[in-house]
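The next block holds one structure in the form of structure tokens; read it before the comments.
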Amino acid sequence: MIGDLYQSHLRYGATYEESSADGLNPRPHWVHLMESLRDLGAEELGRRWTLAERRIRENGITYNIYSDPLGANRPWRTDFVPLLISAEEWRFIEAGVKQRARLLSLMLEDLYGSQELLKDGHFPAALLYGNPAFLRPMVGVKVPPHSHLHMLAVDLARSPDGQWWVLADRTQAPSGSGYALENRTIVSDLLPELFRNSNVLRLAPFFRAQRDALISMGQREDPRIVLLTPGPHNETYFEHAYLAKYLGFTLVEGADMMVRDRRVYLKTVGGLEQVDVILRRVDDGFCDPLELRSDSLLGVPGLVDAIVAGNVKVANALGSGLIESAAIMPFLPGLSRHLLGEELKLPSVATWWCGQPQALAWVLDHLESVVVKPAFPSRGIEPVFGSELPQNKRAEFIERLRAFPHEYVAQEQVALSTAPVWEDSNLSSRSMVLRTYVLNTADGWQVIPGGLVRVAEANGSVVSMQRGGHSKDAWVLWDQPVDTFSMLPPRDEPLELRRVSRVVPSSVADNTFWLGRYVERAENIARILRSMLPRVGREEEAELGSLLLLHGCLGTRKSKLPKTKRTATTYPTLEKELISLLTDTNRSDSLPCTLEEVARIGGNVRERLSADMMLLIGQLRNAMESKPGNRLPDYSVMLTACLERLSAFSGMERENVNRGSGWLFMSLGRRLERAIYLTRQLRVITKPLALENWSFLEHLLEVADSSVTYRTRYYTTIQPLAVLDVLMSDETNPRSLDFQLDHLAELYEKLPRHVPDDLKTLQDALQALRNIDLQAMRLAAPGKRRVSGLAQLDRYLAELEATLPAWSNNLSSRYFSHARTLPITMGS
């Protein structure tokens with residue numbers, strides 16, 4: 001049993017230019033487009049493209065190239081000149097792709113079922129059992145008929161003679177359809193007249209069919225469907241968020257779901273909701289750390305068990321990555337004849353699996369004309385172009401091929417066709433690959449009309465988005481009336497008004513809660529450091545004690561100050577400590593590290609934050625990047641600028657964020673963090689203050705931005721009880737402890753499923769605070785022992801300092817992890 005060893009080779013020569021046969025005159029179906037572009041002129045096209053680029057940035061359309069410094073913030077690159085495909089040509093492509101989808105689906109059904117193909121010698125056992133993508137736990141698991149593949153992506157290239165060939169099949173979590181939809185939206189808005197007059201097949205019916213197909217998989221009325229994403233750091237995360245919103249599904253990460261009683265549940269702030277269908281964008285092996293890859297943090301523990309029990313459907317089915325290997329391509333013509341009784345309509349590019357002796361011998365004899373790739377993509381082996389292999393490495397590579405032949409597959413190098421792209425106000429040609437998508441529906445296989453066109457970089461022949469390539473739209477010019485259905489409502493049609501918020505997954509609430517906490521933590525650190533910097537520079541011995549008290553309010557566990565009383569802290573050591581807090585990115589309690597956490601968490605929920613807020617978060621990340629030197633006064637300007645941005649964030653949080661569950665958790669996080677810092681700071685006042693430490697009271701008012709409030713009431717007389725009144729008991733001061741506890745209780749009460757006992761804990765803490773009569777206490781003069789009233793106050797603050805983190809843990813358990821909580825009370 002061998003594959004088709006002597007396959008048809010691509011005929012070389014000049015590459016095929018999509019728009020023109022002679023480089024001068026456009027092909028018939030390109031004439032209207034070229035004339036329209038010429039009539040618009042370079043200036044008008046440039047103006048429109050500038051607007052389109054701005055829209056891409058404003059809408060946050062991104063693609064993460066891992067080696068790019070912009071990372072997840074790199075704007076999506078597209079070209080407004082579409083690839084045109086005639087109706088006749090599209091009918092041929094559509095028929096070939098549908099046949100290929102039927103064939104691959106039947107193969108998966110057999111290989112995870114009866115395995116007749118192996119028994120009858122139609123498929124090599126080494127390609128099954130030697131493939132890391134073969135998931136043994138999924139063998140024999142029942143799936144709906146012929147539904148191993150919900151969607152298949154097929155990469156197509158055109159040879160110099162005009163023939164379309166298949167370069168690759170994407171079977172486990174095919175990506176790009178969302179970008180194809182976004183490209184269509186951008187280009188049709190940029191060239192509206194041309195689009196309307198070209199009779200282009202629409203994309204919306206394909207996505208409607210996808211939505212309906214997934215709903216039918218749920219097998220009940222109004223099933224819960226989620227789109228499972230690896231998270232914001234994945235290169236195509238924007239597409240995941242975009243498709244989820246477009247299709248009306250909930251975007252989730254693995255941590256958002258849990259398995260109980262062999263059923264999958266979505267963790268939301270409103271409670272657990274059973275999940276019926278998972279549209280996944282996570283690779284097979286990462287979907288269940290219990291049954292598959294134990295090192296995965298992306299999946300759902302127990303998911304395989306829920307699938308085996310039939311309680312959840314996954315699209316594409318787990319294990320479908322088995323046939324994503326190019327090594328199966330030599331066997332497809334024979335398998336098509338065996339399983340379908342048909343010749344393969346859309347051929348694969350000439351491919352040889354080196355696991356067969358005849359194929360290996362042929363590859364070694366023709367190494368100059370092939371590219372050698374890993375037979376199993378998960379191996380992570382880089383492709384080797386035989387024509388570019390240095391002579392001194394050739395023998396070593398051949399030896400490796402002979403030693404592990406089954407690990408490699410060879411494909412003929414393809415001379416890709418070229419298509420016009422808009423560059424520097426002119427049209428240039430670039431190598432291109434068309435990725436089209438075929439969908440499994442109740443009415444049979446349905447192909448997206450066109451797809452995603454990927455274009456190589458200038459002077460490059462390798463088409464890869466990760467290597468800096470970009471994309472374009474594909475227009476199928478139909479010769480019959482087209483379906484103008486759109487999943488977006490017409491602009492002139494009234495909408496049904498609603499204010500019901502979307503489901504908020506627990507991970508979103510978790511991230512917004514900690515975004516609020518880290519923003520407030522950064523502000524507290526910045527305010528304390530800004531208050532200390534000018535005073536450290538003066539090096540007044542009498543003030544050192546108060547500065548150390550203020551430093552203690554940071555609650556840092558990474559302090560570089562002396563740990564024992566035997567070694568006295570000096571101004572130079574304190575200065576080094578402050579510089580460390582201002583610059584050390586490896587120190588978890590430093591200001592730069594805290595701001596980095598703000599940026600990281602903000603990135604996790606960027607699809608739920610406005611463009612202005614994400615811009616501000618990016619500015620915060622860079623706020624402390626510059627290195628002004630080792631002089632402390634130079635950092636004061638940076639801290640002031642940082643605080644201005646943090647204040648801007650506070651303003652956006654109050655004025656621009658919708659008062660839904662996300663805002664509730666963000667505000668809870670801010671109020672909680674501020675209350676924790678305030679409690680720690682106020683406890684210092686309840687201890688005896690030496691005369692030389694009396695200035696600590698001024699620092700505390702300055703850090704809390706309450707100096708003006710204090711002066712308008714008490715002029716310049718600084719007394720502990722008056723400071724306590726302003727910072728602890730003043731209900732009108734947004735920086736007071738009373739204000740934080742009052743708002744914490746108010747915000748918590750608005751949460752769904754809030755725990756009455758936890759609410760009562762907050763209310764009791766607030767009432768106990770308001771029962772404290774500061775007026776009845778005697779003033780503790782400098783150097784004198786504290787009075788009993790302050791000792792009682794210190795006990796209250798100590799209990800509150802222990803209660804607030806415990807209350808936060810209960811909040812996290814209730815809404816984020818959905819674990820059981822234990823009741824807490826003040827002093828418990």
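For the structure tokens, the naming scheme is as follows: chains receive sequential letters (A, B, ...) according to their order of presentation, residues are indexed from 1 within each chain, and ligands are indexed from 1 in presentation order.
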Report the residues of region 35-242 of chain A whose backbone DSSP state falls under strand (DSSP E or B), written as a PyMOL selection string. chain A and resi 62+75+78-86+151-158+164-170+200+225-228
If we count only C-alpha atoms and set the cut-off at 9 Å, which residues sit around region 513-526 of chain A, ignoring sequence neighbours fewer than 3 positions away in its own chain? Please answer as number ranges by chain. A: 508-510, 529-531, 554, 581-582, 589-592, 594-595, 597-602, 639-640, 642-643, 646-647, 649-650, 662-674, 677, 703-704
Per-residue nearest contacts region 77-123 of chain A to region 169-192 of chain A, cut-off 9 Å, using only C-alpha atoms, as a Markdown table:
| residue | atom | partner | partner_atom | distance |
| --- | --- | --- | --- | --- |
| A:Thr78 | CA | A:Asn183 | CA | 7.0 |
| A:Asp79 | CA | A:Val187 | CA | 8.3 |
| A:Phe80 | CA | A:Val187 | CA | 5.4 |
| A:Val81 | CA | A:Val187 | CA | 7.9 |
| A:Pro82 | CA | A:Val187 | CA | 7.9 |
| A:Leu104 | CA | A:Thr171 | CA | 8.8 |
Would you mind listing what lies within 12 Å of Pro301 (chain A) as a PDB file with C-alpha atoms, in the first residue's frame, with only C-alpha atoms counted and same-chain residues fewer than 5 positions away left out?
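out_36.pdb, written as the output of this step:
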ATOM      1  CA  GLY A 254     -11.022  27.455  29.807  1.00  0.00           C
ATOM      2  CA  ALA A 255     -11.044  28.897  33.318  1.00  0.00           C
ATOM      3  CA  ASP A 256     -14.583  30.181  32.703  1.00  0.00           C
ATOM      4  CA  MET A 257     -15.962  26.637  32.610  1.00  0.00           C
ATOM      5  CA  MET A 258     -16.087  23.686  34.947  1.00  0.00           C
ATOM      6  CA  VAL A 259     -17.380  20.115  34.831  1.00  0.00           C
ATOM      7  CA  ARG A 260     -19.825  18.796  37.424  1.00  0.00           C
ATOM      8  CA  ARG A 262     -20.207  15.024  33.634  1.00  0.00           C
ATOM      9  CA  ARG A 263     -21.773  18.269  32.449  1.00  0.00           C
ATOM     10  CA  VAL A 264     -20.007  21.475  31.431  1.00  0.00           C
ATOM     11  CA  TYR A 265     -21.033  24.686  33.159  1.00  0.00           C
ATOM     12  CA  GLY A 285      -4.471  18.437  23.136  1.00  0.00           C
ATOM     13  CA  PHE A 286      -4.936  21.548  25.268  1.00  0.00           C
ATOM     14  CA  CYS A 287      -8.693  21.136  25.766  1.00  0.00           C
ATOM     15  CA  ASP A 288      -8.601  18.834  28.803  1.00  0.00           C
ATOM     16  CA  PRO A 289      -5.625  18.708  31.190  1.00  0.00           C
ATOM     17  CA  LEU A 290      -7.019  15.579  32.882  1.00  0.00           C
ATOM     18  CA  GLU A 291      -7.275  13.343  29.821  1.00  0.00           C
ATOM     19  CA  LEU A 292      -4.967  15.017  27.306  1.00  0.00           C
ATOM     20  CA  ARG A 293      -2.080  17.419  28.025  1.00  0.00           C
ATOM     21  CA  SER A 294      -1.561  17.706  31.759  1.00  0.00           C
ATOM     22  CA  ASP A 295       0.455  20.921  31.351  1.00  0.00           C
ATOM     23  CA  SER A 296      -2.413  22.781  29.662  1.00  0.00           C
ATOM     24  CA  ALA A 306     -18.532  15.242  29.500  1.00  0.00           C
ATOM     25  CA  ILE A 307     -18.160  14.612  25.745  1.00  0.00           C
TER      26      ILE A 307
END
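You will find CA of Leu790 (chain A) at 12.9 Å from CA of Leu769 (chain A).
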